[in-house]
Structure formats: C-alpha cells, structure tokens
$ cat target.cif   # mmCIF, C-alpha atoms
data_work
#
loop_
_atom_site.label_atom_id
_atom_site.label_comp_id
_atom_site.auth_asym_id
_atom_site.auth_seq_id
_atom_site.Cartn_x
_atom_site.Cartn_y
_atom_site.Cartn_z
CA MET A 300 20.01 10.46 -36.92
CA GLU A 301 17.78 11.38 -39.83
CA ASN A 302 17.27 15.09 -40.52
CA ARG A 303 13.55 14.70 -39.80
CA LEU A 304 14.16 14.38 -36.06
CA LYS A 305 17.20 16.62 -35.89
CA ALA A 306 15.13 19.44 -37.40
CA VAL A 307 12.39 19.24 -34.75
CA LYS A 308 12.01 22.53 -32.85
CA CYS A 309 9.58 21.38 -30.14
CA PHE A 310 9.12 17.94 -28.58
CA LEU A 311 5.70 17.00 -27.22
CA LEU A 312 6.57 14.88 -24.20
CA ASP A 313 4.23 12.39 -22.61
CA MET A 314 4.59 12.43 -18.83
CA ASP A 315 3.71 9.25 -16.90
CA GLY A 316 5.76 6.36 -18.27
CA THR A 317 7.95 8.69 -20.31
CA PHE A 318 9.30 11.44 -18.04
CA TYR A 319 8.39 9.91 -14.69
CA LEU A 320 6.69 6.87 -13.20
CA GLY A 321 4.20 7.57 -10.43
CA GLU A 322 6.07 9.92 -8.08
CA GLU A 323 9.62 9.41 -9.32
CA LEU A 324 11.49 10.92 -12.26
CA LEU A 325 12.84 8.37 -14.69
CA LYS A 326 16.62 8.26 -14.86
CA GLY A 327 17.97 10.80 -17.34
CA SER A 328 14.80 12.91 -17.65
CA LEU A 329 16.35 16.12 -16.34
CA GLU A 330 19.46 15.55 -18.42
CA PHE A 331 17.22 15.29 -21.48
CA LEU A 332 15.76 18.75 -20.79
CA ASP A 333 19.30 20.10 -20.38
CA ILE A 334 20.21 18.66 -23.77
CA LEU A 335 17.16 20.29 -25.38
CA ALA A 336 18.22 23.63 -23.92
CA ARG A 337 21.76 23.25 -25.28
CA GLU A 338 20.37 22.27 -28.68
CA GLU A 339 17.98 25.28 -28.57
CA LYS A 340 14.89 23.09 -28.76
CA GLU A 341 11.62 23.54 -26.87
CA PHE A 342 9.32 21.06 -25.14
CA ILE A 343 5.69 20.84 -24.04
CA PHE A 344 4.48 18.21 -21.63
CA LEU A 345 1.42 16.57 -23.20
CA THR A 346 -0.48 14.23 -20.93
CA ASN A 347 -3.64 12.24 -21.53
CA ASN A 348 -4.18 12.01 -17.77
CA SER A 349 -7.15 14.28 -17.06
CA SER A 350 -7.25 13.71 -13.28
CA LYS A 351 -5.15 16.86 -12.61
CA THR A 352 -4.80 20.42 -13.95
CA ARG A 353 -1.56 21.75 -15.38
CA TYR A 354 -0.93 23.56 -12.08
CA HIS A 355 -1.05 20.28 -10.17
CA TYR A 356 1.36 18.71 -12.66
CA GLN A 357 3.62 21.74 -12.27
CA GLU A 358 3.70 21.20 -8.50
CA LYS A 359 4.22 17.46 -8.94
CA LEU A 360 7.19 18.04 -11.21
CA LYS A 361 8.58 20.60 -8.77
CA ASN A 362 8.36 18.07 -5.93
CA MET A 363 10.36 15.65 -8.07
CA GLY A 364 13.04 18.27 -8.75
CA CYS A 365 11.86 19.58 -12.14
CA GLN A 366 11.00 23.29 -12.36
CA VAL A 367 8.79 24.18 -15.36
CA GLU A 368 6.27 26.88 -16.18
CA ALA A 369 2.63 25.78 -15.99
CA ASP A 370 2.13 26.87 -19.60
CA ARG A 371 4.55 24.15 -20.69
CA ILE A 372 1.96 21.55 -19.59
CA PHE A 373 -1.09 20.69 -21.72
CA THR A 374 -3.65 18.12 -20.57
CA SER A 375 -6.47 16.27 -22.29
CA GLY A 376 -8.79 17.91 -19.76
CA GLU A 377 -7.87 21.40 -20.96
CA ALA A 378 -8.18 20.26 -24.58
CA THR A 379 -11.67 18.91 -23.87
CA THR A 380 -12.86 22.22 -22.42
CA ILE A 381 -11.50 24.07 -25.46
CA HIS A 382 -13.27 21.64 -27.81
CA ILE A 383 -16.63 21.90 -26.03
CA LYS A 384 -16.57 25.70 -25.82
CA ALA A 385 -15.83 25.85 -29.55
CA LEU A 386 -19.02 23.85 -30.18
CA MET A 387 -21.40 25.77 -27.90
CA ASP A 388 -21.72 28.88 -25.76
CA ASN A 389 -22.52 28.26 -22.08
CA PRO A 390 -22.49 24.44 -22.32
CA ARG A 391 -23.92 22.25 -19.53
CA VAL A 392 -21.90 19.09 -18.89
CA TYR A 393 -22.53 15.91 -16.93
CA LEU A 394 -18.95 15.01 -16.02
CA LEU A 395 -17.36 11.82 -14.78
CA GLY A 396 -14.25 13.32 -13.25
CA ASN A 397 -12.59 14.00 -9.92
CA GLU A 398 -12.39 17.38 -8.15
CA PHE A 399 -9.39 18.54 -10.22
CA LEU A 400 -11.04 17.85 -13.57
CA GLU A 401 -14.22 19.48 -12.28
CA LYS A 402 -12.21 22.61 -11.42
CA GLU A 403 -10.67 22.61 -14.92
CA PHE A 404 -14.17 22.69 -16.42
CA VAL A 405 -15.59 25.27 -14.01
CA ASP A 406 -12.58 27.58 -14.41
CA SER A 407 -13.04 27.46 -18.18
CA GLY A 408 -16.64 28.67 -17.80
CA ILE A 409 -18.45 25.36 -18.28
CA GLN A 410 -21.44 24.64 -16.04
CA LEU A 411 -21.46 21.20 -14.42
CA VAL A 412 -24.75 19.36 -13.99
CA ARG A 413 -25.12 17.11 -10.92
CA ASP A 414 -28.62 15.83 -11.59
CA LYS A 415 -29.22 13.87 -14.79
CA ASP A 416 -32.82 15.10 -14.88
CA GLU A 417 -31.63 18.67 -15.48
CA PRO A 418 -30.83 19.91 -19.01
CA VAL A 419 -27.52 18.43 -20.22
CA ASP A 420 -25.64 19.33 -23.43
CA PHE A 421 -22.72 16.88 -23.16
CA VAL A 422 -21.68 13.80 -21.21
CA VAL A 423 -17.92 13.77 -20.63
CA VAL A 424 -15.95 10.84 -19.24
CA GLY A 425 -12.57 11.67 -17.70
CA PHE A 426 -10.11 9.99 -15.36
CA ASP A 427 -12.44 9.74 -12.37
CA THR A 428 -10.77 8.42 -9.22
CA THR A 429 -14.00 9.26 -7.33
CA LEU A 430 -16.19 7.16 -9.62
CA THR A 431 -19.42 5.74 -8.18
CA TYR A 432 -21.94 3.31 -9.60
CA LYS A 433 -24.59 6.05 -9.61
CA LYS A 434 -22.43 8.29 -11.80
CA LEU A 435 -21.91 5.43 -14.26
CA TRP A 436 -25.62 4.61 -14.25
CA ASP A 437 -26.65 8.24 -14.81
CA ALA A 438 -24.11 8.66 -17.60
CA CYS A 439 -25.40 5.53 -19.34
CA ASP A 440 -28.99 6.80 -19.12
CA LEU A 441 -28.03 10.16 -20.66
CA ILE A 442 -25.99 8.54 -23.42
CA ARG A 443 -28.88 6.25 -24.32
CA GLU A 444 -31.09 9.35 -24.58
CA GLY A 445 -28.77 10.68 -27.30
CA ILE A 446 -26.82 13.33 -25.35
CA PRO A 447 -23.48 13.94 -27.16
CA TYR A 448 -20.85 11.77 -25.51
CA LEU A 449 -17.16 12.73 -25.21
CA ALA A 450 -14.12 11.33 -23.42
CA THR A 451 -10.88 13.06 -22.49
CA HIS A 452 -8.68 10.12 -23.56
CA PRO A 453 -8.79 6.36 -24.30
CA ASP A 454 -5.93 4.96 -22.14
CA PHE A 455 -6.86 1.66 -20.49
CA ASN A 456 -4.28 1.81 -17.69
CA CYS A 457 -2.24 4.46 -15.90
CA PRO A 458 1.32 3.23 -15.16
CA LEU A 459 2.66 3.24 -11.59
CA GLU A 460 5.97 2.39 -9.95
CA GLY A 461 7.06 -1.23 -9.94
CA LYS A 462 5.34 -2.03 -13.25
CA LYS A 463 1.93 -1.71 -11.56
CA VAL A 464 -1.06 0.01 -13.18
CA MET A 465 -4.41 1.50 -12.22
CA PRO A 466 -7.53 1.40 -14.44
CA ASP A 467 -7.91 4.47 -16.65
CA VAL A 468 -10.61 6.06 -18.81
CA GLY A 469 -10.50 3.37 -21.51
CA ALA A 470 -11.78 0.83 -18.97
CA ILE A 471 -14.69 3.16 -18.10
CA ILE A 472 -15.46 3.64 -21.80
CA ASP A 473 -15.68 -0.13 -22.27
CA PHE A 474 -18.01 -0.42 -19.26
CA ILE A 475 -20.34 2.19 -20.77
CA GLU A 476 -20.19 0.56 -24.20
CA ALA A 477 -21.16 -2.81 -22.70
CA SER A 478 -24.29 -1.17 -21.29
CA THR A 479 -25.20 1.29 -24.07
CA GLY A 480 -23.52 -0.07 -27.21
CA LEU A 481 -22.04 3.41 -27.79
CA ARG A 482 -18.53 4.85 -27.74
CA PRO A 483 -17.46 8.49 -27.25
CA TYR A 484 -15.72 11.05 -29.41
CA ILE A 485 -12.24 11.11 -27.85
CA ILE A 486 -10.51 14.49 -27.54
CA GLY A 487 -7.03 13.55 -26.32
CA LYS A 488 -4.36 11.36 -27.86
CA PRO A 489 -4.57 9.83 -30.47
CA ASN A 490 -6.92 12.46 -31.96
CA ALA A 491 -5.01 14.65 -34.44
CA ALA A 492 -7.23 17.59 -33.43
CA LEU A 493 -5.24 17.71 -30.20
CA ILE A 494 -2.12 18.65 -32.18
CA ASP A 495 -4.05 21.36 -34.03
CA CYS A 496 -5.12 22.77 -30.67
CA ILE A 497 -1.50 22.85 -29.50
CA CYS A 498 -0.37 24.56 -32.71
CA ASN A 499 -3.00 27.25 -32.25
CA LYS A 500 -2.31 27.83 -28.56
CA TYR A 501 1.49 27.91 -28.84
CA ASP A 502 1.80 29.37 -32.35
CA LEU A 503 3.63 26.34 -33.73
CA GLU A 504 3.64 24.55 -37.07
CA LYS A 505 3.21 20.78 -37.36
CA SER A 506 6.47 20.60 -39.30
CA GLU A 507 8.26 21.79 -36.14
CA LEU A 508 6.89 19.06 -33.86
CA ALA A 509 7.59 15.50 -32.79
CA ILE A 510 5.76 13.45 -30.17
CA VAL A 511 7.50 11.25 -27.60
CA GLY A 512 5.75 8.66 -25.44
CA ASP A 513 5.52 5.12 -24.11
CA ARG A 514 2.19 3.98 -25.57
CA LEU A 515 1.56 2.80 -29.11
CA TYR A 516 -2.21 3.34 -29.25
CA THR A 517 -2.10 6.92 -27.91
CA ASP A 518 1.30 8.64 -28.22
CA ILE A 519 2.56 6.91 -31.36
CA LEU A 520 -0.83 6.80 -33.07
CA THR A 521 -1.14 10.56 -32.51
CA GLY A 522 2.01 11.02 -34.56
CA LEU A 523 0.65 8.83 -37.33
CA HIS A 524 -2.73 10.59 -37.36
CA SER A 525 -1.23 14.09 -37.39
CA GLY A 526 1.74 13.46 -39.68
CA ILE A 527 4.46 14.35 -37.18
CA PRO A 528 7.43 12.14 -36.19
CA SER A 529 6.75 9.73 -33.34
CA VAL A 530 9.31 8.46 -30.82
CA LEU A 531 8.65 5.46 -28.57
CA VAL A 532 10.60 5.22 -25.31
CA LEU A 533 10.72 1.83 -23.59
CA THR A 534 10.30 3.13 -20.04
CA GLY A 535 6.54 2.66 -19.67
CA GLU A 536 3.79 0.54 -21.14
CA ALA A 537 5.06 -0.71 -24.51
CA GLY A 538 8.05 -3.00 -24.95
CA PRO A 539 9.82 -4.42 -28.02
CA GLU A 540 7.42 -7.37 -28.22
CA ASP A 541 4.43 -5.02 -28.23
CA VAL A 542 5.95 -3.17 -31.20
CA ARG A 543 6.51 -6.43 -33.09
CA ASN A 544 2.90 -7.52 -32.53
CA SER A 545 1.26 -4.17 -33.28
CA PRO A 546 0.17 -2.59 -36.57
CA ILE A 547 1.17 0.76 -35.04
CA HIS A 548 4.85 1.45 -35.57
CA PRO A 549 6.84 4.44 -34.28
CA ASP A 550 9.29 6.31 -36.47
CA TYR A 551 11.98 5.95 -33.81
CA ILE A 552 12.53 3.77 -30.73
CA TYR A 553 14.84 4.59 -27.82
CA PRO A 554 15.39 2.91 -24.45
CA SER A 555 14.79 6.25 -22.68
CA LEU A 556 14.60 10.02 -23.09
CA LEU A 557 18.29 10.29 -22.26
CA ASP A 558 19.18 7.99 -25.17
CA LEU A 559 17.10 10.20 -27.46
CA GLY A 560 18.86 13.28 -26.11
CA ARG A 561 22.32 11.83 -26.62
CA ASP A 562 21.40 11.02 -30.20
CA LEU A 563 20.24 14.62 -30.70
CA GLU A 564 23.62 15.85 -29.46
CA ARG A 565 25.43 13.68 -31.97
#

$ encode --input "target.cif" --output "structure tokens"
Amino acid sequence: MENRLKAVKCFLLDMDGTFYLGEELLKGSLEFLDILAREEKEFIFLTNNSSKTRYHYQEKLKNMGCQVEADRIFTSGEATTIHIKALMDNPRVYLLGNEFLEKEFVDSGIQLVRDKDEPVDFVVVGFDTTLTYKKLWDACDLIREGIPYLATHPDFNCPLEGKKVMPDVGAIIDFIEASTGLRPYIIGKPNAALIDCICNKYDLEKSELAIVGDRLYTDILTGLHSGIPSVLVLTGEAGPEDVRNSPIHPDYIYPSLLDLGRDLER
C-alpha cells in the first residue's frame, strides 16, 4: 500500500452500499472498524441520504449490531442546514423532505414554510419519501420566481438489498429541471465544501482524510474535488465496468471494506 493511504488518520465512510445494504450490514464491516481501532485510525460515517437524522442512523446501526456515537455520523441534511444558516439569519425554507429531514431543519432553527404564497428565502430538495405532486408543483413555481434553489445531494438511486434501488434526490432534480430549466446548488457529495464543513466541525485537516464509498459520481468525485484520497468499494452501485467507462477514477479500488482493512494491517 502506498504511504498516502497508510498515513490517513480518519476515513470518511459512506453508509448505504458501503457499510450496509438496506437493513443488513455488509460482510466484514464490523471487522473493518476493529482494524481501524487497532491501527489507531478514526472514522466518520458520511451519508448523502438526507431522509434521516444522525440519531436515526445511530439507532439503525445499533439494530444491525454496530454501536457508534451519534457524533460519528454526518448527513447531507445537517450540512445543508449549516450552509443555509451561514448565508442568512432566520431563514425561511420551502422544503421537499420527509418528517425526519423537516425535524433536522427545525431543530437547527430554520423556519419551514408550508404555503408557497408566504415569504420564502430558499427552496431545498431533499430525499422526500412523502413527495406529492403539489409539493413538486409549488417548488417549481418558486424556483421559476427566482428563489434560491438548493439540494441536499445528487444521487439518482438509493441502493437496497438484492441489487434493488429506489429513486433518490437526483431523479427529483431532473423532474424539476425538465419543468423549470434550472438546477440546484448541491450541498452534499460531491461538493468539496462538504469536506471543509467536516474539517471545521471535527477539527481535522484535509491531509488526514480519505473518503470511501460505492459511487463514482458522489463519493469518488468528492475526493477528486477536495484533493483527498478516494477509495471505491465494489459492494454497492459501481462495478469494474462502470469504472472502465467513467471519466471519474478512484485512487484505490477494493472488493469490500474488509479488503481495505486487511491491506491497512499489512
């Protein structure tokens, strides 16, 4: 292994498709965390899925047999609230998001607007499993009016067990673009600003980080944009053929987290 990866102090770990699939841990995931502990390396779970708060992910991991502190989990939803509050005091947001993302925004002090005819400072599109046509229609109207338009992340599909997927935020973004001709400013992966936010929150340097994930256009592209090593694991969305056909290339490729961990031990 090259010194660049051996010298990493903290691994930013994608969750769905990397550490688990749906409701089941991927084989070797817990062993990987044990290896990091033995090697005196840290980890932060970094997920683009904005449909849950870090506390829900903490409980989900616990139910799968993985005990972690909530502060080890950072979501694109939390990053979006931090970004918006840095732009404006007392912002008013029209949000496409489920009850968990709504709670993330409200708990951060952001006011949610339910009626598009009320004053709105930002339109935010998140992973909305409660999406209705009216919410899409209202969002399109506001975006056409010039309200600043943000999205938590650009993933097209969320991986499930059995190689199945469910539509994700990227599909909603494309729907809105087809109607309005406009695309959002994306906060989550692959935006390099997400890594800056992590460095500030956890008091880390970029030179100490590497990102690990299963998607080329989010996880791996984040590494390229931010200048940190990127590791692709072949347990989720991207396979070897996707790598061959893509202009986005990871620094390292492993079959799984456990294979990465065993290489770290060597």

$ resolve_selection --input "target.cif" --expression "the PyMOL selection byres ((chain A and resi 329) around 12)" --output "list in words"
Thr317, Phe318, Tyr319, Glu323, Leu324, Leu325, Lys326, Gly327, Ser328, Glu330, Phe331, Leu332, Asp333, Ile334, Leu335, Ala336, Leu360, Lys361, Met363, Gly364, Cys365, Gln366, Val367, Ser555, Leu556, Leu557 and Gly560 of chain A

$ atom_distance --input "target.cif" --atom1 "atom CA of A:Lys305" --atom2 "atom CA of A:Arg543"
25.6 Å

$ atom_distance --input "target.cif" --atom1 "atom CA of A:Arg353" --atom2 "atom CA of A:Ile486"
16.8 Å

$ closest_residue --input "target.cif" --among "A:Thr451, A:Thr431, A:Ser506, A:Thr346" --to "A:Thr379" --atoms "all atoms listed in the file"
A:Thr451

$ atom_distance --input "target.cif" --atom1 "atom CA of A:His548" --atom2 "atom CA of A:Lys351"
29.4 Å

$ closest_residue --input "target.cif" --among "A:Tyr516, A:Phe399, A:Tyr354, A:Tyr432" --to "A:Phe455" --atoms "all atoms listed in the file"
A:Tyr516

$ closest_residue --input "target.cif" --among "A:Val419, A:Val542, A:Leu430, A:Met314" --to "A:Asp467" --atoms "only C-alpha atoms"
A:Leu430

$ resolve_selection --input "target.cif" --expression "the PyMOL selection byres ((chain A and resi 490) around 12)" --output "short mmCIF file (atom, residue, chain, number, x, y, z; two decimals) with C-alpha atoms, in the coordinates of the input"
data_model
loop_
_atom_site.label_atom_id
_atom_site.label_comp_id
_atom_site.auth_asym_id
_atom_site.auth_seq_id
_atom_site.Cartn_x
_atom_site.Cartn_y
_atom_site.Cartn_z
CA ASN A 347 -3.64 12.24 -21.53
CA SER A 375 -6.47 16.27 -22.29
CA ALA A 378 -8.18 20.26 -24.58
CA THR A 379 -11.67 18.91 -23.87
CA HIS A 382 -13.27 21.64 -27.81
CA ALA A 450 -14.12 11.33 -23.42
CA THR A 451 -10.88 13.06 -22.49
CA HIS A 452 -8.68 10.12 -23.56
CA PRO A 453 -8.79 6.36 -24.30
CA TYR A 484 -15.72 11.05 -29.41
CA ILE A 485 -12.24 11.11 -27.85
CA ILE A 486 -10.51 14.49 -27.54
CA GLY A 487 -7.03 13.55 -26.32
CA LYS A 488 -4.36 11.36 -27.86
CA PRO A 489 -4.57 9.83 -30.47
CA ALA A 491 -5.01 14.65 -34.44
CA ALA A 492 -7.23 17.59 -33.43
CA LEU A 493 -5.24 17.71 -30.20
CA ILE A 494 -2.12 18.65 -32.18
CA ASP A 495 -4.05 21.36 -34.03
CA CYS A 496 -5.12 22.77 -30.67
CA ILE A 497 -1.50 22.85 -29.50
CA TYR A 516 -2.21 3.34 -29.25
CA THR A 517 -2.10 6.92 -27.91
CA ASP A 518 1.30 8.64 -28.22
CA ILE A 519 2.56 6.91 -31.36
CA LEU A 520 -0.83 6.80 -33.07
CA THR A 521 -1.14 10.56 -32.51
CA GLY A 522 2.01 11.02 -34.56
CA LEU A 523 0.65 8.83 -37.33
CA HIS A 524 -2.73 10.59 -37.36
CA SER A 525 -1.23 14.09 -37.39
CA GLY A 526 1.74 13.46 -39.68
#

$ closest_residue --input "target.cif" --among "A:Asp541, A:Asp420, A:Glu403, A:Glu322" --to "A:Leu386" --atoms "all atoms listed in the file"
A:Asp420

$ decode --input "target.cif" --residues "stretch 370-390 of chain A" --atoms "N, CA, C and O atoms" --output "compact mmCIF listing (two decimals), in the first residue's frame"
# COMPACT_ATOMS: atom_id res chain seq x y z
N ASP A 370 -22.34 11.45 17.09
CA ASP A 370 -21.46 12.48 16.52
C ASP A 370 -20.51 11.92 15.48
O ASP A 370 -19.84 12.69 14.78
N ARG A 371 -20.44 10.60 15.36
CA ARG A 371 -19.63 9.99 14.30
C ARG A 371 -20.39 9.90 12.98
O ARG A 371 -19.88 9.33 12.01
N ILE A 372 -21.60 10.45 12.93
CA ILE A 372 -22.45 10.37 11.73
C ILE A 372 -22.74 11.78 11.24
O ILE A 372 -23.22 12.62 12.01
N PHE A 373 -22.46 12.04 9.98
CA PHE A 373 -22.68 13.37 9.39
C PHE A 373 -23.47 13.19 8.11
O PHE A 373 -23.09 12.43 7.22
N THR A 374 -24.61 13.88 8.02
CA THR A 374 -25.51 13.72 6.88
C THR A 374 -25.52 14.96 6.00
O THR A 374 -25.18 16.07 6.44
N SER A 375 -25.95 14.78 4.76
CA SER A 375 -26.09 15.93 3.85
C SER A 375 -27.18 16.87 4.35
O SER A 375 -27.15 18.07 4.06
N GLY A 376 -28.15 16.34 5.10
CA GLY A 376 -29.18 17.20 5.67
C GLY A 376 -28.61 18.17 6.68
O GLY A 376 -28.90 19.37 6.65
N GLU A 377 -27.76 17.67 7.59
CA GLU A 377 -27.11 18.54 8.56
C GLU A 377 -26.22 19.56 7.86
O GLU A 377 -26.20 20.75 8.22
N ALA A 378 -25.47 19.12 6.86
CA ALA A 378 -24.60 20.02 6.12
C ALA A 378 -25.40 21.14 5.46
O ALA A 378 -24.96 22.30 5.41
N THR A 379 -26.58 20.81 4.95
CA THR A 379 -27.42 21.81 4.28
C THR A 379 -27.90 22.87 5.26
O THR A 379 -27.93 24.07 4.95
N THR A 380 -28.29 22.44 6.47
CA THR A 380 -28.72 23.43 7.47
C THR A 380 -27.56 24.36 7.85
O THR A 380 -27.76 25.57 8.01
N ILE A 381 -26.36 23.79 7.99
CA ILE A 381 -25.19 24.61 8.32
C ILE A 381 -24.92 25.63 7.23
O ILE A 381 -24.65 26.81 7.50
N HIS A 382 -25.01 25.19 5.96
CA HIS A 382 -24.76 26.07 4.83
C HIS A 382 -25.77 27.22 4.79
O HIS A 382 -25.39 28.40 4.62
N ILE A 383 -27.05 26.90 4.95
CA ILE A 383 -28.09 27.92 4.86
C ILE A 383 -27.95 28.94 5.99
O ILE A 383 -28.06 30.15 5.78
N LYS A 384 -27.69 28.46 7.21
CA LYS A 384 -27.59 29.38 8.34
C LYS A 384 -26.36 30.27 8.24
O LYS A 384 -26.34 31.37 8.81
N ALA A 385 -25.34 29.81 7.50
CA ALA A 385 -24.17 30.65 7.27
C ALA A 385 -24.47 31.77 6.28
O ALA A 385 -23.81 32.82 6.29
N LEU A 386 -25.48 31.56 5.44
CA LEU A 386 -25.85 32.56 4.44
C LEU A 386 -26.82 33.61 4.98
O LEU A 386 -26.81 34.76 4.52
N MET A 387 -27.66 33.23 5.96
CA MET A 387 -28.73 34.13 6.39
C MET A 387 -29.19 33.81 7.81
O MET A 387 -29.27 32.63 8.18
N ASP A 388 -29.49 34.85 8.57
CA ASP A 388 -30.10 34.66 9.88
C ASP A 388 -31.61 34.45 9.71
O ASP A 388 -32.25 35.08 8.86
N ASN A 389 -32.16 33.55 10.49
CA ASN A 389 -33.60 33.27 10.50
C ASN A 389 -34.15 32.98 9.10
O ASN A 389 -35.14 33.59 8.66
N PRO A 390 -33.55 32.05 8.38
CA PRO A 390 -34.03 31.75 7.01
C PRO A 390 -35.38 31.03 7.02
O PRO A 390 -35.71 30.29 7.94
